[in-house]
file model-v9.json (JSON, C-alpha atoms and all ligand atoms)
[["chain", "number", "residue", "atom", "x", "y", "z"],
["K", 1, "MET", "CA", 62.63, 46.96, 151.37],
["K", 2, "SER", "CA", 60.72, 47.99, 148.25],
["K", 3, "THR", "CA", 62.04, 46.94, 144.86],
["K", 4, "PRO", "CA", 61.87, 49.17, 141.76],
["K", 5, "ILE", "CA", 58.94, 48.70, 139.41],
["K", 6, "PRO", "CA", 60.43, 48.21, 135.91],
["K", 7, "GLY", "CA", 59.12, 50.73, 133.37],
["K", 8, "ARG", "CA", 57.19, 52.80, 135.90],
["K", 9, "HIS", "CA", 58.93, 56.00, 134.75],
["K", 10, "GLN", "CA", 59.99, 54.77, 131.29],
["K", 11, "GLY", "CA", 61.28, 57.59, 129.06],
["K", 12, "LYS", "CA", 60.51, 60.34, 131.56],
["K", 13, "THR", "CA", 63.05, 63.05, 132.32],
["K", 14, "VAL", "CA", 63.75, 63.50, 136.01],
["K", 15, "VAL", "CA", 65.75, 66.44, 137.39],
["K", 16, "ILE", "CA", 67.14, 66.14, 140.93],
["K", 17, "THR", "CA", 68.82, 69.00, 142.77],
["K", 18, "GLY", "CA", 71.38, 68.01, 145.38],
["K", 19, "GLY", "CA", 71.62, 64.74, 143.44],
["K", 20, "ALA", "CA", 75.32, 64.07, 143.88],
["K", 21, "ARG", "CA", 74.97, 62.02, 147.06],
["K", 22, "GLY", "CA", 72.71, 61.07, 149.96],
["K", 23, "ILE", "CA", 68.96, 60.75, 149.47],
["K", 24, "GLY", "CA", 69.32, 62.74, 146.21],
["K", 25, "LEU", "CA", 71.44, 59.96, 144.73],
["K", 26, "ALA", "CA", 68.97, 57.35, 146.02],
["K", 27, "TYR", "CA", 66.18, 59.12, 144.08],
["K", 28, "ALA", "CA", 68.40, 58.99, 140.99],
["K", 29, "GLN", "CA", 69.06, 55.26, 141.37],
["K", 30, "ARG", "CA", 65.39, 54.46, 141.99],
["K", 31, "PHE", "CA", 64.04, 56.46, 139.03],
["K", 32, "ALA", "CA", 66.82, 55.11, 136.79],
["K", 33, "ALA", "CA", 65.88, 51.53, 137.71],
["K", 34, "GLU", "CA", 62.33, 52.42, 136.66],
["K", 35, "GLY", "CA", 63.33, 53.68, 133.22],
["K", 36, "ALA", "CA", 63.88, 57.42, 133.68],
["K", 37, "ASN", "CA", 66.55, 59.63, 132.10],
["K", 38, "LEU", "CA", 68.29, 61.81, 134.67],
["K", 39, "VAL", "CA", 69.74, 65.25, 135.19],
["K", 40, "LEU", "CA", 71.57, 65.73, 138.47],
["K", 41, "GLY", "CA", 72.44, 69.19, 139.76],
["K", 42, "ASP", "CA", 74.66, 69.94, 142.75],
["K", 43, "VAL", "CA", 77.54, 72.07, 143.96],
["K", 44, "LEU", "CA", 79.69, 69.00, 144.69],
["K", 45, "ASP", "CA", 81.04, 68.63, 141.15],
["K", 46, "ALA", "CA", 83.43, 65.73, 141.72],
["K", 47, "GLU", "CA", 80.82, 63.65, 143.56],
["K", 48, "GLY", "CA", 78.12, 64.58, 141.03],
["K", 49, "ARG", "CA", 80.27, 63.51, 138.07],
["K", 50, "GLU", "CA", 81.27, 60.29, 139.81],
["K", 51, "SER", "CA", 77.62, 59.46, 140.55],
["K", 52, "VAL", "CA", 76.72, 60.04, 136.90],
["K", 53, "ARG", "CA", 79.64, 57.86, 135.75],
["K", 54, "ALA", "CA", 78.39, 55.03, 137.97],
["K", 55, "LEU", "CA", 74.84, 55.40, 136.62],
["K", 56, "GLU", "CA", 76.11, 55.42, 133.02],
["K", 57, "LYS", "CA", 78.11, 52.26, 133.70],
["K", 58, "ALA", "CA", 74.81, 50.64, 134.65],
["K", 59, "GLY", "CA", 73.36, 51.71, 131.27],
["K", 60, "VAL", "CA", 71.42, 54.72, 132.54],
["K", 61, "LYS", "CA", 71.15, 57.98, 130.57],
["K", 62, "ALA", "CA", 72.29, 60.65, 133.02],
["K", 63, "ILE", "CA", 74.00, 64.02, 132.96],
["K", 64, "TYR", "CA", 75.49, 66.16, 135.68],
["K", 65, "ALA", "CA", 75.28, 69.97, 135.64],
["K", 66, "ARG", "CA", 76.68, 72.23, 138.33],
["K", 67, "CYS", "CA", 73.74, 74.04, 139.91],
["K", 68, "ASP", "CA", 73.72, 76.18, 143.00],
["K", 69, "VAL", "CA", 69.99, 76.35, 143.68],
["K", 70, "THR", "CA", 70.27, 79.85, 145.15],
["K", 71, "LYS", "CA", 71.25, 81.21, 141.71],
["K", 72, "LYS", "CA", 68.40, 81.60, 139.25],
["K", 73, "ALA", "CA", 70.69, 81.47, 136.19],
["K", 74, "GLU", "CA", 72.18, 78.13, 137.31],
["K", 75, "VAL", "CA", 68.75, 76.64, 138.03],
["K", 76, "GLU", "CA", 67.52, 77.76, 134.59],
["K", 77, "ALA", "CA", 70.63, 76.23, 133.00],
["K", 78, "LEU", "CA", 69.94, 72.92, 134.78],
["K", 79, "MET", "CA", 66.40, 72.76, 133.41],
["K", 80, "ASP", "CA", 67.65, 73.83, 129.95],
["K", 81, "ALA", "CA", 70.14, 70.96, 130.06],
["K", 82, "ALA", "CA", 67.24, 68.57, 130.68],
["K", 83, "MET", "CA", 65.26, 69.93, 127.72],
["K", 84, "ALA", "CA", 68.31, 70.00, 125.43],
["K", 85, "SER", "CA", 69.30, 66.41, 126.27],
["K", 86, "TYR", "CA", 65.91, 64.70, 126.41],
["K", 87, "GLY", "CA", 63.39, 67.18, 124.92],
["K", 88, "ARG", "CA", 60.98, 66.95, 127.87],
["K", 89, "LEU", "CA", 60.68, 67.42, 131.61],
["K", 90, "ASP", "CA", 58.33, 65.22, 133.63],
["K", 91, "VAL", "CA", 59.54, 65.05, 137.22],
["K", 92, "CYS", "CA", 61.57, 67.44, 139.36],
["K", 93, "ILE", "CA", 62.80, 66.67, 142.86],
["K", 94, "ALA", "CA", 63.77, 69.82, 144.78],
["K", 95, "ASN", "CA", 66.05, 67.99, 147.18],
["K", 96, "ALA", "CA", 69.08, 70.27, 147.75],
["K", 97, "GLY", "CA", 69.20, 71.32, 151.37],
["K", 98, "VAL", "CA", 71.45, 72.11, 154.31],
["K", 99, "VAL", "CA", 71.04, 71.84, 158.06],
["K", 100, "SER", "CA", 72.38, 74.20, 160.71],
["K", 101, "HIS", "CA", 72.75, 74.01, 164.47],
["K", 102, "GLY", "CA", 72.81, 76.63, 167.18],
["K", 103, "ALA", "CA", 70.69, 78.19, 169.91],
["K", 104, "PHE", "CA", 68.19, 80.89, 169.02],
["K", 105, "LEU", "CA", 70.19, 83.66, 170.74],
["K", 106, "ASP", "CA", 73.35, 82.68, 168.83],
["K", 107, "VAL", "CA", 72.00, 82.35, 165.28],
["K", 108, "THR", "CA", 73.90, 84.69, 162.97],
["K", 109, "GLU", "CA", 72.33, 86.68, 160.18],
["K", 110, "ALA", "CA", 74.67, 84.93, 157.74],
["K", 111, "ASP", "CA", 73.54, 81.45, 158.83],
["K", 112, "TRP", "CA", 69.86, 82.43, 158.72],
["K", 113, "ASP", "CA", 70.31, 83.81, 155.20],
["K", 114, "ARG", "CA", 72.31, 80.77, 153.99],
["K", 115, "VAL", "CA", 69.74, 78.22, 155.16],
["K", 116, "MET", "CA", 66.77, 80.24, 153.88],
["K", 117, "ALA", "CA", 68.47, 80.81, 150.52],
["K", 118, "ILE", "CA", 69.19, 77.13, 149.89],
["K", 119, "ASN", "CA", 66.20, 75.48, 151.56],
["K", 120, "VAL", "CA", 63.44, 77.96, 150.65],
["K", 121, "LYS", "CA", 64.49, 80.24, 147.78],
["K", 122, "GLY", "CA", 66.21, 77.25, 146.16],
["K", 123, "VAL", "CA", 63.01, 75.19, 146.23],
["K", 124, "PHE", "CA", 61.02, 78.15, 144.85],
["K", 125, "LEU", "CA", 63.48, 78.78, 141.98],
["K", 126, "THR", "CA", 63.69, 75.06, 141.20],
["K", 127, "GLY", "CA", 59.91, 74.63, 141.14],
["K", 128, "GLN", "CA", 59.22, 77.72, 139.05],
["K", 129, "SER", "CA", 61.90, 76.90, 136.52],
["K", 130, "ALA", "CA", 60.86, 73.23, 136.28],
["K", 131, "ALA", "CA", 57.18, 74.11, 135.94],
["K", 132, "LYS", "CA", 57.89, 76.34, 132.91],
["K", 133, "ARG", "CA", 59.69, 73.46, 131.14],
["K", 134, "MET", "CA", 56.87, 71.06, 132.08],
["K", 135, "ILE", "CA", 54.35, 73.46, 130.55],
["K", 136, "ALA", "CA", 56.50, 73.55, 127.38],
["K", 137, "THR", "CA", 56.52, 69.73, 127.43],
["K", 138, "ARG", "CA", 52.73, 69.69, 127.77],
["K", 139, "LYS", "CA", 52.37, 71.87, 124.67],
["K", 140, "LYS", "CA", 54.74, 69.67, 122.69],
["K", 141, "ILE", "CA", 53.54, 66.17, 123.62],
["K", 142, "ALA", "CA", 49.84, 65.68, 122.91],
["K", 143, "ASP", "CA", 49.36, 62.69, 125.23],
["K", 144, "TRP", "CA", 51.70, 63.92, 127.96],
["K", 145, "GLY", "CA", 50.89, 62.18, 131.23],
["K", 146, "GLY", "CA", 51.39, 65.27, 133.39],
["K", 147, "GLY", "CA", 54.23, 66.48, 135.56],
["K", 148, "ALA", "CA", 55.18, 66.04, 139.19],
["K", 149, "ILE", "CA", 57.27, 68.27, 141.41],
["K", 150, "VAL", "CA", 58.43, 66.67, 144.66],
["K", 151, "ASN", "CA", 59.74, 69.12, 147.25],
["K", 152, "ILE", "CA", 61.85, 67.76, 150.09],
["K", 153, "ALA", "CA", 60.77, 69.04, 153.49],
["K", 154, "SER", "CA", 61.41, 67.21, 156.80],
["K", 155, "VAL", "CA", 59.62, 66.16, 159.94],
["K", 156, "ASN", "CA", 61.02, 69.49, 161.11],
["K", 157, "ALA", "CA", 58.40, 71.18, 158.95],
["K", 158, "VAL", "CA", 56.10, 70.60, 161.92],
["K", 159, "LEU", "CA", 58.43, 69.61, 164.78],
["K", 160, "VAL", "CA", 61.05, 71.81, 166.39],
["K", 161, "GLN", "CA", 63.98, 70.98, 168.61],
["K", 162, "HIS", "CA", 66.62, 72.65, 170.71],
["K", 163, "ASN", "CA", 69.71, 73.81, 168.86],
["K", 164, "SER", "CA", 68.08, 74.20, 165.45],
["K", 165, "VAL", "CA", 66.47, 77.46, 164.32],
["K", 166, "PRO", "CA", 66.46, 78.32, 160.61],
["K", 167, "TYR", "CA", 66.26, 74.66, 159.53],
["K", 168, "PRO", "CA", 62.74, 73.90, 160.88],
["K", 169, "VAL", "CA", 61.54, 77.33, 159.76],
["K", 170, "SER", "CA", 62.83, 76.66, 156.26],
["K", 171, "LYS", "CA", 61.21, 73.22, 156.10],
["K", 172, "GLY", "CA", 57.91, 74.63, 157.35],
["K", 173, "ALA", "CA", 58.12, 77.06, 154.44],
["K", 174, "VAL", "CA", 58.67, 74.17, 152.00],
["K", 175, "HIS", "CA", 55.54, 72.49, 153.37],
["K", 176, "LEU", "CA", 53.47, 75.65, 152.69],
["K", 177, "LEU", "CA", 55.18, 76.43, 149.38],
["K", 178, "THR", "CA", 54.10, 72.96, 148.25],
["K", 179, "ARG", "CA", 50.47, 73.88, 148.90],
["K", 180, "VAL", "CA", 50.84, 77.21, 147.10],
["K", 181, "MET", "CA", 52.49, 75.61, 144.09],
["K", 182, "ALA", "CA", 49.88, 72.83, 143.95],
["K", 183, "ILE", "CA", 46.98, 75.21, 143.41],
["K", 184, "HIS", "CA", 48.87, 77.43, 140.98],
["K", 185, "LEU", "CA", 50.05, 74.55, 138.80],
["K", 186, "ALA", "CA", 46.98, 72.29, 138.86],
["K", 187, "ASP", "CA", 45.58, 73.74, 135.63],
["K", 188, "TYR", "CA", 48.79, 72.78, 133.81],
["K", 189, "ASP", "CA", 48.56, 69.06, 134.78],
["K", 190, "ILE", "CA", 51.39, 69.45, 137.25],
["K", 191, "ARG", "CA", 51.02, 67.91, 140.70],
["K", 192, "VAL", "CA", 53.15, 69.27, 143.54],
["K", 193, "VAL", "CA", 53.82, 67.17, 146.62],
["K", 194, "ALA", "CA", 56.39, 67.10, 149.41],
["K", 195, "ILE", "CA", 58.16, 64.44, 151.40],
["K", 196, "GLY", "CA", 59.03, 65.02, 155.05],
["K", 197, "PRO", "CA", 61.68, 62.44, 155.91],
["K", 198, "GLY", "CA", 62.57, 61.52, 159.45],
["K", 199, "PRO", "CA", 66.24, 60.91, 160.35],
["K", 200, "THR", "CA", 67.84, 59.18, 157.36],
["K", 201, "LYS", "CA", 71.28, 57.61, 157.03],
["K", 202, "THR", "CA", 73.26, 60.17, 155.02],
["K", 203, "ALA", "CA", 76.17, 62.57, 155.49],
["K", 204, "MET", "CA", 73.72, 65.06, 156.99],
["K", 205, "GLU", "CA", 73.23, 62.68, 159.94],
["K", 206, "ALA", "CA", 76.85, 61.45, 160.05],
["K", 207, "LYS", "CA", 77.48, 62.75, 163.57],
["K", 208, "VAL", "CA", 74.32, 61.07, 164.83],
["K", 209, "MET", "CA", 75.22, 57.76, 163.22],
["K", 210, "ALA", "CA", 78.71, 57.89, 164.74],
["K", 211, "ASP", "CA", 77.46, 58.59, 168.28],
["K", 212, "PRO", "CA", 75.43, 55.74, 169.88],
["K", 213, "ALA", "CA", 73.87, 58.12, 172.46],
["K", 214, "LYS", "CA", 72.63, 60.56, 169.79],
["K", 215, "ARG", "CA", 71.44, 57.69, 167.64],
["K", 216, "ARG", "CA", 69.50, 56.17, 170.53],
["K", 217, "ILE", "CA", 67.66, 59.48, 171.05],
["K", 218, "ARG", "CA", 66.48, 59.30, 167.44],
["K", 219, "GLU", "CA", 65.58, 55.62, 167.71],
["K", 220, "ILE", "CA", 63.43, 55.76, 170.85],
["K", 221, "ARG", "CA", 61.59, 58.77, 169.43],
["K", 222, "THR", "CA", 60.60, 56.71, 166.35],
["K", 223, "ALA", "CA", 57.97, 53.97, 166.44],
["K", 224, "LEU", "CA", 59.99, 51.74, 164.11],
["K", 225, "ARG", "CA", 63.04, 52.34, 166.38],
["K", 226, "ARG", "CA", 65.48, 52.96, 163.52],
["K", 227, "MET", "CA", 66.63, 55.61, 161.09],
["K", 228, "ALA", "CA", 65.51, 55.42, 157.45],
["K", 229, "GLU", "CA", 67.61, 54.06, 154.62],
["K", 230, "PRO", "CA", 67.77, 56.61, 151.76],
["K", 231, "GLU", "CA", 66.18, 53.98, 149.49],
["K", 232, "GLU", "CA", 63.04, 53.93, 151.66],
["K", 233, "VAL", "CA", 62.53, 57.65, 151.07],
["K", 234, "ALA", "CA", 63.29, 57.26, 147.37],
["K", 235, "ALA", "CA", 60.61, 54.57, 147.01],
["K", 236, "VAL", "CA", 57.99, 57.05, 148.25],
["K", 237, "ALA", "CA", 59.21, 59.72, 145.81],
["K", 238, "SER", "CA", 58.79, 57.26, 142.97],
["K", 239, "PHE", "CA", 55.22, 56.53, 144.05],
["K", 240, "LEU", "CA", 54.39, 60.23, 144.43],
["K", 241, "ALA", "CA", 55.72, 60.99, 140.95],
["K", 242, "SER", "CA", 53.87, 58.05, 139.38],
["K", 243, "ASP", "CA", 50.35, 57.64, 138.01],
["K", 244, "ASP", "CA", 49.49, 55.72, 141.19],
["K", 245, "ALA", "CA", 49.44, 59.12, 142.91],
["K", 246, "SER", "CA", 47.44, 60.84, 140.13],
["K", 247, "TYR", "CA", 44.87, 62.29, 142.59],
["K", 248, "LEU", "CA", 47.46, 63.49, 145.09],
["K", 249, "THR", "CA", 48.61, 67.10, 145.13],
["K", 250, "GLY", "CA", 49.42, 69.74, 147.74],
["K", 251, "GLN", "CA", 50.26, 67.14, 150.41],
["K", 252, "THR", "CA", 53.35, 66.57, 152.48],
["K", 253, "LEU", "CA", 53.86, 62.88, 153.15],
["K", 254, "PHE", "CA", 55.94, 62.27, 156.27],
["K", 255, "VAL", "CA", 58.21, 59.27, 155.71],
["K", 256, "ASP", "CA", 59.22, 59.08, 159.33],
["K", 257, "GLY", "CA", 58.87, 55.55, 160.73],
["K", 258, "GLY", "CA", 56.13, 56.78, 163.04],
["K", 259, "ARG", "CA", 58.07, 59.76, 164.42],
["K", 260, "LEU", "CA", 55.21, 62.26, 164.30],
["K", 261, "VAL", "CA", 52.55, 60.05, 165.85],
["K", 262, "LEU", "CA", 54.68, 59.19, 168.89],
["K", 263, "ASN", "CA", 53.93, 61.47, 171.82],
["K", 264, "TYR", "CA", 56.56, 60.28, 174.29],
["K", 265, "MET", "CA", 59.14, 57.54, 173.80],
["K", 266, "MET", "CA", 59.08, 53.89, 172.83],
["K", 267, "PRO", "CA", 59.51, 51.50, 175.78],
["K", 268, "ASP", "CA", 63.03, 50.17, 176.34],
["K", 269, "GLU", "CA", 62.06, 46.60, 175.59],
["K", 270, "ARG", "CA", 60.55, 45.52, 172.28],
["K", 271, "ALA", "CA", 57.36, 43.46, 172.50],
["K", 272, "SER", "CA", 58.11, 39.81, 171.73],
["I", 301, "LIG", "N1", 69.17, 62.96, 156.25],
["I", 301, "LIG", "C1", 68.12, 63.27, 156.98],
["I", 301, "LIG", "O1", 67.97, 62.81, 158.11],
["I", 301, "LIG", "C2", 67.05, 64.20, 156.44],
["I", 301, "LIG", "C3", 65.85, 64.31, 157.16],
["I", 301, "LIG", "C4", 64.87, 65.17, 156.69],
["I", 301, "LIG", "C5", 65.06, 65.88, 155.52],
["I", 301, "LIG", "N2", 66.23, 65.75, 154.84],
["I", 301, "LIG", "C6", 66.37, 66.56, 153.63],
["I", 301, "LIG", "O2", 66.71, 65.72, 152.53],
["I", 301, "LIG", "C7", 67.48, 66.47, 151.58],
["I", 301, "LIG", "C8", 68.73, 65.68, 151.23],
["I", 301, "LIG", "O3", 69.54, 65.57, 152.38],
["I", 301, "LIG", "P1", 70.60, 64.39, 152.63],
["I", 301, "LIG", "O4", 70.27, 63.76, 153.92],
["I", 301, "LIG", "O5", 70.71, 63.52, 151.42],
["I", 301, "LIG", "O6", 71.93, 65.23, 152.88],
["I", 301, "LIG", "P2", 73.24, 65.42, 152.01],
["I", 301, "LIG", "O7", 74.01, 66.47, 152.71],
["I", 301, "LIG", "O8", 73.89, 64.12, 151.76],
["I", 301, "LIG", "O9", 72.67, 65.95, 150.62],
["I", 301, "LIG", "C9", 72.33, 67.27, 150.37],
["I", 301, "LIG", "C10", 72.81, 67.63, 148.98],
["I", 301, "LIG", "O10", 72.41, 68.98, 148.70],
["I", 301, "LIG", "C11", 73.53, 69.61, 148.08],
["I", 301, "LIG", "N3", 73.48, 71.06, 148.21],
["I", 301, "LIG", "C12", 73.72, 71.81, 149.32],
["I", 301, "LIG", "N4", 73.65, 73.12, 149.02],
["I", 301, "LIG", "C13", 73.34, 73.21, 147.69],
["I", 301, "LIG", "C14", 73.11, 74.26, 146.79],
["I", 301, "LIG", "N5", 73.23, 75.55, 147.19],
["I", 301, "LIG", "N6", 72.80, 73.99, 145.51],
["I", 301, "LIG", "C15", 72.71, 72.70, 145.10],
["I", 301, "LIG", "N7", 72.93, 71.64, 145.89],
["I", 301, "LIG", "C16", 73.24, 71.89, 147.18],
["I", 301, "LIG", "C17", 74.74, 69.01, 148.79],
["I", 301, "LIG", "O11", 75.94, 69.25, 148.08],
["I", 301, "LIG", "C18", 74.35, 67.55, 148.88],
["I", 301, "LIG", "O12", 74.72, 66.82, 147.73],
["I", 301, "LIG", "C19", 67.73, 67.84, 152.22],
["I", 301, "LIG", "O13", 66.80, 68.78, 151.74],
["I", 301, "LIG", "C20", 67.50, 67.57, 153.70],
["I", 301, "LIG", "O14", 67.13, 68.73, 154.42],
["I", 301, "LIG", "C21", 67.22, 64.92, 155.27]]

call {"tool": "encode", "arguments": {"input": "model-v9.json", "output": "structure tokens"}}
result
Amino acid sequence: MSTPIPGRHQGKTVVITGGARGIGLAYAQRFAAEGANLVLGDVLDAEGRESVRALEKAGVKAIYARCDVTKKAEVEALMDAAMASYGRLDVCIANAGVVSHGAFLDVTEADWDRVMAINVKGVFLTGQSAAKRMIATRKKIADWGGGAIVNIASVNAVLVQHNSVPYPVSKGAVHLLTRVMAIHLADYDIRVVAIGPGPTKTAMEAKVMADPAKRRIREIRTALRRMAEPEEVAAVASFLASDDASYLTGQTLFVDGGRLVLNYMMPDERAS
């Protein structure tokens, strides 16, 4: 497992939506260990505040602000909190997302709208609002190193499955929105990239983790034969937001343990 690189994001401000728990919290811990100051937004207030308390205990500068990413005013307030607290915005991770299950013929209008609002409109509002504060940062800091927006897609941006309809459509939209944002923000020294995680051990996959049969389906459809730890996804986000990725924009990097390259299934027995 990768270890944090001390000072890699020293003094940068990093905003993370959906940062109260799961992979969002893993991004927070990774960037904090590399010197960043944090702003976490979420709708789970108790968990968000608890996560910030734990980070503060470890000596990290972090604040929590309630932010429903479907509401422009709340997204703007989140970014304002970052500027008010730290005077700059360098990295934004548009991570908030929800999954939904159901057959195509059963999908309700309400569920379609809910998933699209959080997973697509939320990423748009987050990126637009963050980019404006990054441009303000660029004007203010003469030797600013540039900004990075990391959108969270999924392997479902390009793969579909039974029993899931708006989710893959929404993640496909995040993949394309990343390309759109990358060309519009390039002239402002802002790179825009996306991560497409494969199945990762969080609350979103709780039912899979609790059911050996469901888990096995994930595992044999993945070359590395296991689900990701949230920290493994966070390590890639740190790289993408760092100077090591300075010539990378408009790409979706699939952090999937070899899920997308596997056509059929892994053999039952591992090679010795
Ligand atoms: N876990 C996986 O297997 C997996 C795989 C691919 C992609 N992803 C993506 O990674 C991201 C994080 O997922 P996770 O696995 O950590 O799940 P999670 O459910 O633990 O975290 C999602 C977070 O988003 C927050 N959120 C939901 N609606 C929101 C809203 N309207 N405004 C603000 N915050 C909101 C939730 O409260 C939660 O804290 C999501 O975008 C998800 O689609 C996860």

call {"tool": "residues_near_ligand", "arguments": {"input": "model-v9.json", "ligand": "ligand LIG 301 (chain I)", "cutoff": "8 Å", "atoms": "all atoms listed in the file", "output": "ChimeraX atom specification"}}
result
/K:17-25,41-44,48,66-70,94-99,117-119,122,152-156,167,171,196-205,227-228,230

call {"tool": "residues_around", "arguments": {"input": "model-v9.json", "residues": "K:Arg53", "least_positions_apart": "6", "cutoff": "12 Å", "atoms": "all atoms listed in the file", "output": "JSON, numbers by chain"}}
result
{"K": [20, 40, 46, 47, 59, 60, 61, 62, 63, 64]}

call {"tool": "closest_residue", "arguments": {"input": "model-v9.json", "among": "K:Ala186, K:Val150, K:Ala65, K:Leu176", "to": "K:Val120", "atoms": "only C-alpha atoms"}}
result
K:Leu176

call {"tool": "atom_distance", "arguments": {"input": "model-v9.json", "atom1": "atom CA of K:Met134", "atom2": "atom CA of K:Phe239"}}
result
18.9 Å

call {"tool": "closest_residue", "arguments": {"input": "model-v9.json", "among": "K:Leu159, K:Ala81, K:Ala28, K:Met116", "to": "K:Leu55", "atoms": "only C-alpha atoms"}}
result
K:Ala28

call {"tool": "closest_residue", "arguments": {"input": "model-v9.json", "among": "K:Thr108, K:Pro267, K:Val233, K:Ala131", "to": "K:Tyr188", "atoms": "all atoms listed in the file"}}
result
K:Ala131

call {"tool": "atom_distance", "arguments": {"input": "model-v9.json", "atom1": "atom CA of K:Arg191", "atom2": "atom CA of K:Tyr247"}}
result
8.5 Å

call {"tool": "residues_around", "arguments": {"input": "model-v9.json", "residues": "K:Val107", "least_positions_apart": "6", "cutoff": "12 Å", "atoms": "all atoms listed in the file", "output": "number ranges by chain"}}
result
K: 100-101, 113-115, 163-167

call {"tool": "atom_distance", "arguments": {"input": "model-v9.json", "atom1": "atom CA of K:Leu177", "atom2": "atom CA of K:Val158"}}
result
13.9 Å

call {"tool": "closest_residue", "arguments": {"input": "model-v9.json", "among": "K:Leu38, K:Gly7, K:Asp187, K:Met266", "to": "K:Leu224", "atoms": "only C-alpha atoms"}}
result
K:Met266

call {"tool": "residues_around", "arguments": {"input": "model-v9.json", "residues": "stretch 10-14 of chain K", "least_positions_apart": "4", "cutoff": "12 Å", "atoms": "all atoms listed in the file", "output": "PyMOL selection string"}}
result
chain K and resi 5-6+19+24+27-41+60-63+78-94+130+133-134+137+144-150+237-238+241-242

call {"tool": "closest_residue", "arguments": {"input": "model-v9.json", "among": "K:Arg270, K:Lys121, K:His162, K:Lys72", "to": "K:Leu105", "atoms": "all atoms listed in the file"}}
result
K:His162

call {"tool": "residues_around", "arguments": {"input": "model-v9.json", "residues": "K:Met1", "least_positions_apart": "6", "cutoff": "10 Å", "atoms": "all atoms listed in the file", "output": "list in words"}}
result
Glu229, Glu231, Glu232 and Ala235 of chain K

call {"tool": "closest_residue", "arguments": {"input": "model-v9.json", "among": "K:Leu248, K:Asp268, K:Lys207, K:Leu253", "to": "K:Ala223", "atoms": "all atoms listed in the file"}}
result
K:Asp268

call {"tool": "residues_near_point", "arguments": {"input": "model-v9.json", "point": "(53.8, 58.2, 167.8)", "cutoff": "12 Å", "atoms": "all atoms listed in the file", "output": "list in words"}}
result
Ile220, Arg221, Thr222, Ala223, Leu224, Arg225, Asp256, Gly257, Gly258, Arg259, Leu260, Val261, Leu262, Asn263, Tyr264, Met265, Met266 and Pro267 of chain K

call {"tool": "axis_aligned_box", "arguments": {"input": "model-v9.json", "around": "stretch 253-269 of chain K", "padding_each_side": "3 Å", "output": "AutoDock Vina command-line options"}}
result
--center_x 57.8 --center_y 54.7 --center_z 164.7 --size_x 16.5 --size_y 22.3 --size_z 29.2

call {"tool": "build_atoms", "arguments": {"input": "model-v9.json", "residues": "stretch 143-155 of chain K", "atoms": "N, CA and C atoms", "output": "PDB file, in the coordinates of the input"}}
result
ATOM      1  N   ASP K 143      49.891  63.603 124.204  1.00  0.00           N
ATOM      2  CA  ASP K 143      49.360  62.690 125.230  1.00  0.00           C
ATOM      3  C   ASP K 143      50.242  62.680 126.487  1.00  0.00           C
ATOM      4  N   TRP K 144      50.821  63.831 126.773  1.00  0.00           N
ATOM      5  CA  TRP K 144      51.700  63.920 127.960  1.00  0.00           C
ATOM      6  C   TRP K 144      50.918  63.480 129.199  1.00  0.00           C
ATOM      7  N   GLY K 145      51.585  62.714 130.044  1.00  0.00           N
ATOM      8  CA  GLY K 145      50.890  62.180 131.230  1.00  0.00           C
ATOM      9  C   GLY K 145      50.849  63.122 132.413  1.00  0.00           C
ATOM     10  N   GLY K 146      51.383  64.331 132.271  1.00  0.00           N
ATOM     11  CA  GLY K 146      51.390  65.270 133.390  1.00  0.00           C
ATOM     12  C   GLY K 146      52.732  65.287 134.098  1.00  0.00           C
ATOM     13  N   GLY K 147      52.953  66.334 134.863  1.00  0.00           N
ATOM     14  CA  GLY K 147      54.230  66.480 135.560  1.00  0.00           C
ATOM     15  C   GLY K 147      54.074  66.349 137.059  1.00  0.00           C
ATOM     16  N   ALA K 148      55.189  66.103 137.725  1.00  0.00           N
ATOM     17  CA  ALA K 148      55.180  66.040 139.190  1.00  0.00           C
ATOM     18  C   ALA K 148      56.407  66.737 139.748  1.00  0.00           C
ATOM     19  N   ILE K 149      56.167  67.616 140.695  1.00  0.00           N
ATOM     20  CA  ILE K 149      57.270  68.270 141.410  1.00  0.00           C
ATOM     21  C   ILE K 149      57.223  67.756 142.847  1.00  0.00           C
ATOM     22  N   VAL K 150      58.348  67.225 143.298  1.00  0.00           N
ATOM     23  CA  VAL K 150      58.430  66.670 144.660  1.00  0.00           C
ATOM     24  C   VAL K 150      59.416  67.544 145.445  1.00  0.00           C
ATOM     25  N   ASN K 151      58.885  68.295 146.398  1.00  0.00           N
ATOM     26  CA  ASN K 151      59.740  69.120 147.250  1.00  0.00           C
ATOM     27  C   ASN K 151      60.155  68.323 148.483  1.00  0.00           C
ATOM     28  N   ILE K 152      61.389  68.516 148.920  1.00  0.00           N
ATOM     29  CA  ILE K 152      61.850  67.760 150.090  1.00  0.00           C
ATOM     30  C   ILE K 152      61.821  68.664 151.318  1.00  0.00           C
ATOM     31  N   ALA K 153      60.900  68.330 152.213  1.00  0.00           N
ATOM     32  CA  ALA K 153      60.770  69.040 153.490  1.00  0.00           C
ATOM     33  C   ALA K 153      61.482  68.198 154.549  1.00  0.00           C
ATOM     34  N   SER K 154      60.827  67.972 155.680  1.00  0.00           N
ATOM     35  CA  SER K 154      61.410  67.210 156.800  1.00  0.00           C
ATOM     36  C   SER K 154      60.323  67.072 157.852  1.00  0.00           C
ATOM     37  N   VAL K 155      60.529  66.147 158.796  1.00  0.00           N
ATOM     38  CA  VAL K 155      59.620  66.160 159.940  1.00  0.00           C
ATOM     39  C   VAL K 155      59.712  67.501 160.659  1.00  0.00           C
TER      40      VAL K 155
END
